[in-house]
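Okay, data-v8.tsv is below, TSV, C-alpha atoms:
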chain	number	residue	atom	x	y	z
B	1	VAL	CA	-80.63	-17.35	-20.00
B	2	PRO	CA	-81.14	-18.56	-23.59
B	3	VAL	CA	-78.06	-18.87	-25.77
B	4	ASP	CA	-77.55	-15.67	-27.76
B	5	GLU	CA	-78.09	-16.21	-31.45
B	6	ALA	CA	-77.28	-12.68	-32.57
B	7	ALA	CA	-74.06	-13.87	-34.16
B	8	GLU	CA	-75.58	-16.92	-35.82
B	9	PRO	CA	-74.90	-16.90	-39.56
B	10	ARG	CA	-77.81	-16.17	-41.82
B	11	GLY	CA	-79.28	-19.55	-42.62
B	12	GLN	CA	-81.91	-21.20	-44.78
B	13	MET	CA	-84.11	-24.12	-43.87
B	14	GLU	CA	-83.84	-27.18	-46.06
B	15	LEU	CA	-86.69	-27.16	-48.56
B	16	SER	CA	-88.38	-29.98	-50.35
B	17	GLY	CA	-91.09	-30.19	-52.96
B	18	SER	CA	-94.60	-30.63	-51.59
B	19	THR	CA	-98.13	-30.42	-52.91
B	20	THR	CA	-99.43	-28.44	-49.95
B	21	ASP	CA	-101.52	-25.50	-51.19
B	22	SER	CA	-100.21	-22.35	-49.56
B	23	SER	CA	-98.91	-18.86	-50.10
B	24	ALA	CA	-96.23	-16.34	-49.14
B	25	SER	CA	-96.52	-12.76	-48.01
B	26	LYS	CA	-93.63	-10.30	-47.99
B	27	ARG	CA	-92.97	-7.49	-45.59
B	28	SER	CA	-92.91	-4.10	-47.26
B	29	ALA	CA	-93.10	-1.71	-44.30
B	30	GLN	CA	-93.03	-1.52	-40.55
B	31	PRO	CA	-95.99	-0.36	-38.53
B	32	GLY	CA	-95.82	3.37	-38.25
B	33	GLU	CA	-94.85	3.92	-41.88
B	34	SER	CA	-97.61	5.65	-43.79
B	35	GLY	CA	-98.36	5.39	-47.49
B	36	SER	CA	-97.00	1.85	-47.77
B	37	ASN	CA	-98.79	-1.24	-49.03
B	38	ALA	CA	-98.32	-4.83	-48.01
B	39	PRO	CA	-98.34	-6.94	-51.18
B	40	ASP	CA	-100.44	-10.06	-51.06
B	41	GLU	CA	-98.71	-11.71	-53.98
B	42	ARG	CA	-98.83	-15.47	-53.69
B	43	GLY	CA	-96.32	-17.68	-55.48
B	44	ALA	CA	-98.08	-20.73	-56.90
B	45	ALA	CA	-94.78	-22.54	-57.38
B	46	ALA	CA	-93.39	-21.62	-53.96
B	47	ALA	CA	-91.17	-24.24	-52.36
B	48	THR	CA	-92.48	-25.80	-49.19
B	49	VAL	CA	-90.59	-26.87	-46.12
B	50	ASP	CA	-90.20	-30.42	-44.85
B	51	ALA	CA	-91.80	-30.48	-41.39
B	52	LYS	CA	-89.29	-33.08	-40.21
B	53	LYS	CA	-86.45	-30.62	-40.81
B	54	LEU	CA	-88.00	-27.69	-38.99
B	55	THR	CA	-86.33	-26.82	-35.71
B	56	TYR	CA	-86.98	-24.45	-32.83
B	57	HIS	CA	-84.37	-22.61	-30.80
B	58	PRO	CA	-82.77	-25.21	-28.45
B	59	ASP	CA	-84.60	-23.74	-25.46
B	60	LEU	CA	-87.96	-24.35	-27.17
B	61	LYS	CA	-87.26	-27.86	-28.42
B	62	ARG	CA	-87.88	-29.12	-24.92
B	63	GLU	CA	-91.06	-27.14	-24.36
B	64	ASP	CA	-94.23	-29.19	-24.02
B	65	GLY	CA	-96.74	-28.94	-26.86
B	66	TYR	CA	-94.37	-27.82	-29.59
B	67	LEU	CA	-93.47	-29.63	-32.79
B	68	GLY	CA	-90.95	-32.35	-31.96
B	69	CYS	CA	-91.96	-32.39	-28.28
B	70	LEU	CA	-95.47	-33.81	-28.32
B	71	ASN	CA	-96.69	-36.60	-26.08
B	72	ALA	CA	-98.99	-39.34	-27.35
B	73	LYS	CA	-102.17	-37.45	-26.41
B	74	GLN	CA	-100.99	-34.26	-28.11
B	75	THR	CA	-99.93	-36.14	-31.22
B	76	GLN	CA	-103.37	-37.75	-31.41
B	77	ALA	CA	-105.02	-34.35	-30.98
B	78	LEU	CA	-102.95	-32.91	-33.84
B	79	GLU	CA	-103.80	-35.84	-36.12
B	80	SER	CA	-107.51	-35.55	-35.27
B	81	LEU	CA	-107.55	-31.82	-36.02
B	82	GLU	CA	-105.69	-32.45	-39.31
B	83	ASP	CA	-108.34	-35.02	-40.27
B	84	MET	CA	-111.13	-32.54	-39.52
B	85	VAL	CA	-109.44	-29.85	-41.61
B	86	ASP	CA	-109.08	-32.29	-44.52
B	87	GLU	CA	-112.65	-33.59	-44.25
B	88	GLU	CA	-114.12	-30.08	-44.16
B	89	LYS	CA	-111.67	-28.81	-46.78
B	90	LEU	CA	-110.74	-25.84	-44.63
B	91	ASP	CA	-108.39	-23.50	-46.48
B	92	LEU	CA	-105.39	-22.66	-44.31
B	93	SER	CA	-103.31	-21.20	-47.12
B	94	ASP	CA	-103.48	-17.64	-45.79
B	95	LEU	CA	-102.31	-18.70	-42.33
B	96	TYR	CA	-98.75	-19.74	-43.12
B	97	ASP	CA	-95.81	-19.13	-45.43
B	98	PRO	CA	-94.67	-22.42	-46.99
B	99	LYS	CA	-91.05	-21.25	-47.08
B	100	VAL	CA	-90.78	-21.42	-43.30
B	101	GLU	CA	-94.02	-22.90	-41.95
B	102	THR	CA	-96.32	-25.89	-42.24
B	103	PRO	CA	-100.04	-26.38	-41.54
B	104	GLN	CA	-99.02	-28.39	-38.45
B	105	LEU	CA	-97.47	-25.28	-36.88
B	106	VAL	CA	-100.73	-23.39	-37.43
B	107	LEU	CA	-102.84	-26.15	-35.90
B	108	LEU	CA	-100.51	-26.53	-32.92
B	109	ARG	CA	-100.92	-22.83	-32.08
B	110	PHE	CA	-104.69	-23.29	-31.92
B	111	LEU	CA	-104.33	-26.54	-29.97
B	112	ARG	CA	-102.00	-24.99	-27.38
B	113	ALA	CA	-104.38	-22.04	-27.04
B	114	ARG	CA	-107.18	-24.46	-26.12
B	115	GLY	CA	-105.23	-26.93	-24.02
B	116	PHE	CA	-105.18	-29.53	-26.83
B	117	ASP	CA	-108.94	-29.90	-26.65
B	118	VAL	CA	-109.70	-30.88	-30.25
B	119	LYS	CA	-113.33	-29.71	-30.29
B	120	LYS	CA	-112.50	-26.32	-28.80
B	121	SER	CA	-109.48	-25.90	-31.08
B	122	HIS	CA	-111.55	-26.80	-34.14
B	123	LYS	CA	-114.27	-24.34	-33.13
B	124	MET	CA	-111.67	-21.60	-32.62
B	125	LEU	CA	-110.07	-22.32	-36.01
B	126	VAL	CA	-113.39	-22.31	-37.90
B	127	GLU	CA	-114.46	-19.06	-36.25
B	128	HIS	CA	-111.08	-17.54	-37.04
B	129	LEU	CA	-111.31	-18.44	-40.73
B	130	LYS	CA	-114.84	-16.96	-40.83
B	131	TRP	CA	-113.53	-13.77	-39.16
B	132	ARG	CA	-110.71	-13.43	-41.68
B	133	GLU	CA	-113.20	-13.67	-44.51
B	134	GLU	CA	-115.69	-11.25	-42.97
B	135	THR	CA	-112.95	-8.79	-42.03
B	136	ASN	CA	-111.36	-9.22	-45.46
B	137	ILE	CA	-107.86	-9.54	-44.03
B	138	LYS	CA	-106.19	-9.76	-47.44
B	139	GLU	CA	-107.66	-6.41	-48.43
B	140	LEU	CA	-106.83	-4.87	-45.05
B	141	ARG	CA	-103.25	-6.09	-45.30
B	142	ALA	CA	-102.81	-4.40	-48.67
B	143	LYS	CA	-103.90	-0.98	-47.44
B	144	SER	CA	-101.62	1.81	-46.34
B	145	GLU	CA	-101.67	2.83	-42.70
B	146	GLU	CA	-103.47	6.05	-43.58
B	147	GLU	CA	-106.16	4.13	-45.46
B	148	VAL	CA	-106.69	1.85	-42.47
B	149	LEU	CA	-106.92	4.68	-39.95
B	150	GLY	CA	-108.81	7.11	-42.15
B	151	CYS	CA	-106.52	9.93	-40.96
B	152	ASP	CA	-102.89	10.98	-40.91
B	153	PRO	CA	-101.00	8.24	-38.97
B	154	THR	CA	-98.83	10.93	-37.39
B	155	LEU	CA	-101.73	11.76	-35.08
B	156	LEU	CA	-101.79	8.25	-33.63
B	157	HIS	CA	-98.00	8.11	-33.38
B	158	GLN	CA	-97.98	11.28	-31.30
B	159	TYR	CA	-100.09	9.66	-28.61
B	160	LEU	CA	-99.17	6.00	-29.09
B	161	PRO	CA	-95.64	5.62	-30.49
B	162	LYS	CA	-94.92	2.03	-31.52
B	163	TRP	CA	-92.21	0.40	-33.56
B	164	GLN	CA	-90.41	-2.88	-34.20
B	165	GLN	CA	-86.65	-3.07	-33.71
B	166	GLY	CA	-84.25	-5.96	-33.35
B	167	HIS	CA	-84.84	-9.44	-31.96
B	168	ASP	CA	-84.55	-11.22	-28.64
B	169	LYS	CA	-82.25	-14.12	-27.76
B	170	LEU	CA	-84.69	-16.61	-29.29
B	171	GLY	CA	-84.83	-14.67	-32.56
B	172	ARG	CA	-88.26	-13.22	-31.82
B	173	PRO	CA	-88.99	-9.71	-33.14
B	174	VAL	CA	-89.06	-7.07	-30.39
B	175	LEU	CA	-91.94	-4.58	-30.39
B	176	TYR	CA	-91.85	-1.31	-28.48
B	177	GLN	CA	-94.88	0.73	-27.48
B	178	GLN	CA	-95.05	3.90	-25.40
B	179	PHE	CA	-98.47	3.88	-23.79
B	180	GLY	CA	-98.15	6.60	-21.17
B	181	ASN	CA	-99.69	9.41	-23.19
B	182	PHE	CA	-102.49	7.64	-25.07
B	183	GLU	CA	-105.19	10.30	-24.91
B	184	ILE	CA	-107.64	8.31	-26.96
B	185	TRP	CA	-110.24	11.08	-27.03
B	186	LYS	CA	-107.88	13.24	-29.09
B	187	VAL	CA	-107.23	10.43	-31.54
B	188	THR	CA	-110.93	9.64	-31.98
B	189	GLU	CA	-111.55	13.25	-32.98
B	190	GLN	CA	-109.96	12.26	-36.31
B	191	THR	CA	-110.83	8.56	-36.57
B	192	THR	CA	-113.07	5.96	-34.93
B	193	LEU	CA	-112.64	3.23	-32.34
B	194	GLU	CA	-113.49	0.65	-34.99
B	195	LYS	CA	-110.69	1.91	-37.24
B	196	LEU	CA	-108.25	1.83	-34.33
B	197	VAL	CA	-109.10	-1.84	-33.85
B	198	ASP	CA	-108.61	-2.42	-37.59
B	199	HIS	CA	-105.25	-0.70	-37.31
B	200	HIS	CA	-104.25	-3.06	-34.51
B	201	THR	CA	-105.16	-6.03	-36.72
B	202	TRP	CA	-103.21	-4.45	-39.60
B	203	CYS	CA	-100.16	-4.17	-37.33
B	204	GLN	CA	-100.53	-7.74	-36.07
B	205	GLU	CA	-100.49	-9.07	-39.63
B	206	ARG	CA	-97.17	-7.30	-40.11
B	207	HIS	CA	-95.84	-8.64	-36.84
B	208	VAL	CA	-96.55	-12.17	-38.07
B	209	ALA	CA	-94.60	-11.34	-41.23
B	210	TYR	CA	-91.64	-10.24	-39.08
B	211	CYS	CA	-91.67	-13.64	-37.37
B	212	ARG	CA	-91.54	-15.33	-40.75
B	213	GLU	CA	-88.64	-13.14	-41.86
B	214	ASN	CA	-86.69	-14.09	-38.74
B	215	SER	CA	-87.51	-17.76	-39.29
B	216	GLU	CA	-85.89	-17.52	-42.70
B	217	ARG	CA	-83.01	-15.43	-41.39
B	218	PHE	CA	-82.02	-17.73	-38.52
B	219	GLY	CA	-83.10	-21.03	-40.05
B	220	ARG	CA	-85.35	-21.71	-37.06
B	221	ILE	CA	-89.05	-21.57	-36.30
B	222	VAL	CA	-89.93	-18.12	-34.94
B	223	GLU	CA	-93.62	-17.80	-34.05
B	224	LYS	CA	-93.76	-15.37	-31.16
B	225	LEU	CA	-93.01	-11.77	-30.24
B	226	THR	CA	-91.37	-10.03	-27.32
B	227	ILE	CA	-93.20	-6.83	-26.41
B	228	ILE	CA	-91.99	-3.90	-24.31
B	229	ILE	CA	-94.62	-1.40	-23.20
B	230	ASP	CA	-93.40	1.84	-21.65
B	231	ALA	CA	-96.01	3.19	-19.22
B	232	LYS	CA	-94.05	6.29	-18.19
B	233	ASP	CA	-96.41	9.20	-17.31
B	234	TRP	CA	-99.49	6.94	-17.42
B	235	ARG	CA	-102.31	8.26	-15.24
B	236	LEU	CA	-105.79	7.11	-14.30
B	237	GLY	CA	-107.30	9.88	-16.42
B	238	LEU	CA	-106.23	7.90	-19.49
B	239	PHE	CA	-108.30	4.89	-18.43
B	240	THR	CA	-111.52	6.23	-19.95
B	241	ARG	CA	-114.52	4.25	-21.14
B	242	ASP	CA	-113.29	4.40	-24.75
B	243	ALA	CA	-109.78	3.37	-23.72
B	244	THR	CA	-111.23	0.41	-21.82
B	245	LYS	CA	-113.33	-0.59	-24.84
B	246	PHE	CA	-110.30	-0.32	-27.11
B	247	LEU	CA	-108.08	-2.45	-24.85
B	248	HIS	CA	-110.81	-5.05	-24.47
B	249	ARG	CA	-111.40	-5.21	-28.23
B	250	ILE	CA	-107.74	-5.61	-29.16
B	251	SER	CA	-107.13	-8.17	-26.41
B	252	LYS	CA	-109.99	-10.22	-27.88
B	253	VAL	CA	-108.55	-9.88	-31.38
B	254	ASP	CA	-105.21	-11.14	-30.11
B	255	SER	CA	-106.57	-14.06	-28.07
B	256	ASP	CA	-109.10	-15.22	-30.69
B	257	HIS	CA	-107.18	-14.59	-33.89
B	258	PHE	CA	-103.46	-14.44	-33.12
B	259	PRO	CA	-103.11	-17.31	-30.63
B	260	GLU	CA	-99.72	-18.18	-29.19
B	261	ARG	CA	-98.03	-15.14	-30.71
B	262	MET	CA	-96.98	-13.39	-27.50
B	263	GLY	CA	-93.77	-14.77	-26.06
B	264	ASN	CA	-93.11	-12.16	-23.40
B	265	LEU	CA	-94.66	-8.81	-22.50
B	266	VAL	CA	-92.80	-6.51	-20.13
B	267	VAL	CA	-94.38	-3.27	-18.93
B	268	VAL	CA	-91.66	-0.84	-17.80
B	269	ASN	CA	-91.77	2.45	-15.91
B	270	ALA	CA	-95.11	1.33	-14.50
B	271	PRO	CA	-96.66	3.76	-11.99
B	272	MET	CA	-98.29	2.24	-8.92
B	273	LEU	CA	-101.69	3.35	-10.20
B	274	LEU	CA	-101.35	0.98	-13.14
B	275	SER	CA	-102.18	-1.86	-10.78
B	276	VAL	CA	-105.77	-0.58	-10.74
B	277	ALA	CA	-106.08	-0.89	-14.51
B	278	TRP	CA	-104.25	-4.23	-14.50
B	279	LYS	CA	-106.89	-5.76	-12.23
B	280	VAL	CA	-109.45	-5.02	-14.96
B	281	ILE	CA	-107.29	-6.01	-17.93
B	282	ARG	CA	-106.03	-9.32	-16.53
B	283	ALA	CA	-109.63	-10.59	-16.29
B	284	TRP	CA	-109.75	-10.57	-20.10
B	285	LEU	CA	-106.66	-12.78	-20.42
B	286	ASP	CA	-106.25	-16.52	-20.01
B	287	PRO	CA	-103.89	-17.76	-17.24
B	288	LYS	CA	-101.14	-18.72	-19.71
B	289	THR	CA	-101.10	-15.21	-21.15
B	290	GLN	CA	-101.13	-13.64	-17.69
B	291	ALA	CA	-98.03	-15.66	-16.80
B	292	ARG	CA	-96.10	-14.13	-19.71
B	293	ILE	CA	-96.69	-10.57	-18.53
B	294	GLN	CA	-94.44	-8.69	-16.11
B	295	ILE	CA	-95.20	-5.20	-14.80
B	296	LEU	CA	-92.09	-3.48	-13.43
B	297	ARG	CA	-91.61	0.00	-12.10
B	298	HIS	CA	-87.94	0.93	-11.76
B	299	PRO	CA	-84.97	0.47	-14.12
B	300	SER	CA	-83.28	-1.57	-11.42
B	301	ASP	CA	-86.16	-4.03	-11.81
B	302	PHE	CA	-86.81	-4.06	-15.55
B	303	VAL	CA	-83.32	-3.64	-17.04
B	304	PRO	CA	-82.04	-7.02	-15.75
B	305	VAL	CA	-85.25	-8.69	-16.98
B	306	LEU	CA	-84.94	-7.14	-20.44
B	307	LYS	CA	-81.25	-8.05	-20.67
B	308	SER	CA	-82.11	-11.66	-19.80
B	309	LEU	CA	-84.45	-11.69	-22.80
B	310	ILE	CA	-82.66	-9.42	-25.29
B	311	ASP	CA	-78.97	-9.05	-26.10
B	312	GLU	CA	-77.58	-5.57	-25.30
B	313	GLU	CA	-76.77	-4.89	-28.95
B	314	GLN	CA	-80.42	-5.51	-29.83
B	315	LEU	CA	-82.01	-3.67	-26.88
B	316	VAL	CA	-82.78	0.05	-27.22
B	317	GLU	CA	-80.59	2.38	-25.13
B	318	GLU	CA	-83.31	3.92	-22.99
B	319	TYR	CA	-84.23	0.46	-21.72
B	320	GLY	CA	-80.69	-0.54	-20.78
B	321	GLY	CA	-79.27	-1.68	-24.12
B	322	LYS	CA	-76.80	-0.30	-26.65
B	323	ALA	CA	-79.01	0.06	-29.74
B	324	LYS	CA	-80.02	3.49	-31.01
B	325	SER	CA	-83.79	3.78	-31.18
B	326	THR	CA	-85.24	3.82	-34.68
B	327	LEU	CA	-88.37	5.62	-33.50
B	328	HIS	CA	-88.80	8.84	-35.50
B	329	GLY	CA	-89.78	11.86	-33.43
B	330	GLU	CA	-91.02	12.01	-29.87
B	331	ALA	CA	-94.44	11.59	-28.33
B	332	ALA	CA	-96.36	14.81	-27.89
B	333	VAL	CA	-96.88	15.03	-24.14
B	334	SER	CA	-99.09	17.91	-23.14
B	335	PRO	CA	-98.20	20.01	-20.07
B	336	GLU	CA	-101.49	19.07	-18.44
B	337	ALA	CA	-100.73	15.38	-18.96
B	338	LYS	CA	-97.40	15.75	-17.18
B	339	ALA	CA	-99.05	17.74	-14.39
B	340	HIS	CA	-101.74	15.10	-13.84
B	341	ALA	CA	-99.16	12.31	-13.81
B	342	THR	CA	-97.01	14.14	-11.28
B	343	THR	CA	-99.94	14.94	-8.99
B	344	GLU	CA	-101.23	11.37	-9.00
B	345	SER	CA	-97.77	9.92	-8.43
B	346	GLU	CA	-97.20	12.20	-5.45
B	347	ALA	CA	-100.58	11.23	-4.00
B	348	VAL	CA	-99.76	7.51	-4.29
B	349	GLU	CA	-96.34	7.99	-2.71
B	350	LYS	CA	-97.93	9.82	0.25
Could you render the structure as structure tokens?
Amino acid sequence: VPVDEAAEPRGQMELSGSTTDSSASKRSAQPGESGSNAPDERGAAAATVDAKKLTYHPDLKREDGYLGCLNAKQTQALESLEDMVDEEKLDLSDLYDPKVETPQLVLLRFLRARGFDVKKSHKMLVEHLKWREETNIKELRAKSEEEVLGCDPTLLHQYLPKWQQGHDKLGRPVLYQQFGNFEIWKVTEQTTLEKLVDHHTWCQERHVAYCRENSERFGRIVEKLTIIIDAKDWRLGLFTRDATKFLHRISKVDSDHFPERMGNLVVVNAPMLLSVAWKVIRAWLDPKTQARIQILRHPSDFVPVLKSLIDEEQLVEEYGGKAKSTLHGEAAVSPEAKAHATTESEAVEK
């Protein structure tokens, strides 16, 4: 079990002057808050961090492929990719915050995602930069949640509650999502599938900002997230064609454009029927990502796992911790949804 850093004093990384061209983004709201903008103000005179003084949590310092723990082949791959970025004058300034990150950290995420294959990593990076420009990420980031969705965000939150609260034992932000009542057909009566995918990207940009905030808070590199998905009341009727398209689209966004951001994903209260959907979903994920996902059914199974990842004071009460949930309101579960879930569960048990 990783050493708990909840009591670690608020620290700052040592900064040094550097000529690296970069920018800083500040968190202004959590996902789920409507009518809030994410400023894209960039400080031209922002201090930059000395890569030699960056440090991971002790349990990550020894992990293969991370800064400070690279073998000769990996070091050569990083240098080669850096040379290609310089030669092609690729602008990475929107991919890191110079207060807590360096371009090397960005490149290493792409390299790890492609097994340190320089050509594949370079191709992924170039395509990602093109996607950010075509999608106009800066403009998307600055929009309110309502502007992104094109409808009242409360509608989405009724069927797909999600929020960020606390951090795990490595300092990673913890995300919660209750997926068991996601009747996508009711949501798409007010918005479109495309806008739901844009909303996912909008949220992911904020999640990256949370990592940066925790990096500054703990004085360590925090790049990844711990995600808890509650599948209580999930039923096969929710696995519609549109729901499948949506899950496939957002999994592609995550794998292609937010590489190496998922630390752990634990699905709790998982009905047995979820295994059917998982067989489809896992085909979209690379083996490394699959290995970071656990699907657990009973509290006796998932509570010990969550407590091994998250300190009790940081973990929400309903999942075995001591923290009061900051989620506002409850999901709107229709009587027919509960009835369907009960009927299917009984059938599986029989």
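One finds atom CA of B:Glu183 at 11.7 Å from atom CA of B:Arg241.
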Find the residues around B:Phe258 up to 10 Å (all atoms listed in the file counted), leave out those fewer than 5 positions away in its own chain, and share them as a ChimeraX atom specification.
-> /B:109-110,113,128,201,204-205,208,224,251-253
For B:Pro304, please output as a ChimeraX atom specification all residues within 12 Å (counting only C-alpha atoms; exclusion window: fewer than 4 positions along the same chain).
-> /B:1,266,268,296,298-300,308-312,315,319-321
Kindly give the distance, in Å, that separates atom CA of B:Met124 and atom CA of B:Asp256, rounded to a single decimal.
->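 So the answer is 7.1 Å.
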State, in Å with one decimal place, the distance from atom CA of B:Gln290 to atom CA of B:Asp168.
->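 Here the two named atoms are 20.0 Å from each other.
Minimum atom-to-atom distances from B:Ile293, B:Ala77, B:Trp234, B:Glu223 to B:Lys120 were compared using only C-alpha atoms, and the lowest value belongs to B:Ala77.
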Name the residues in contact with B:Ala243 at a cut-off of 12 Å, using all atoms listed in the file, excluding same-chain residues fewer than 5 positions from it; report them as a ChimeraX atom specification.
-> /B:179,181-188,192-193,196-197,236-238,248-250,277,281
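Using only C-alpha atoms, the shortest contact distance between B:Leu78 and any of B:Tyr56, B:Tyr159, B:Phe116, B:Tyr96 is found at B:Phe116.
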From the list B:Gln76, B:Arg112, B:Ala270, B:Cys151, which residue is nearest B:Glu63 when using all atoms listed in the file?
->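 Under the stated criterion, the closest residue is B:Arg112.
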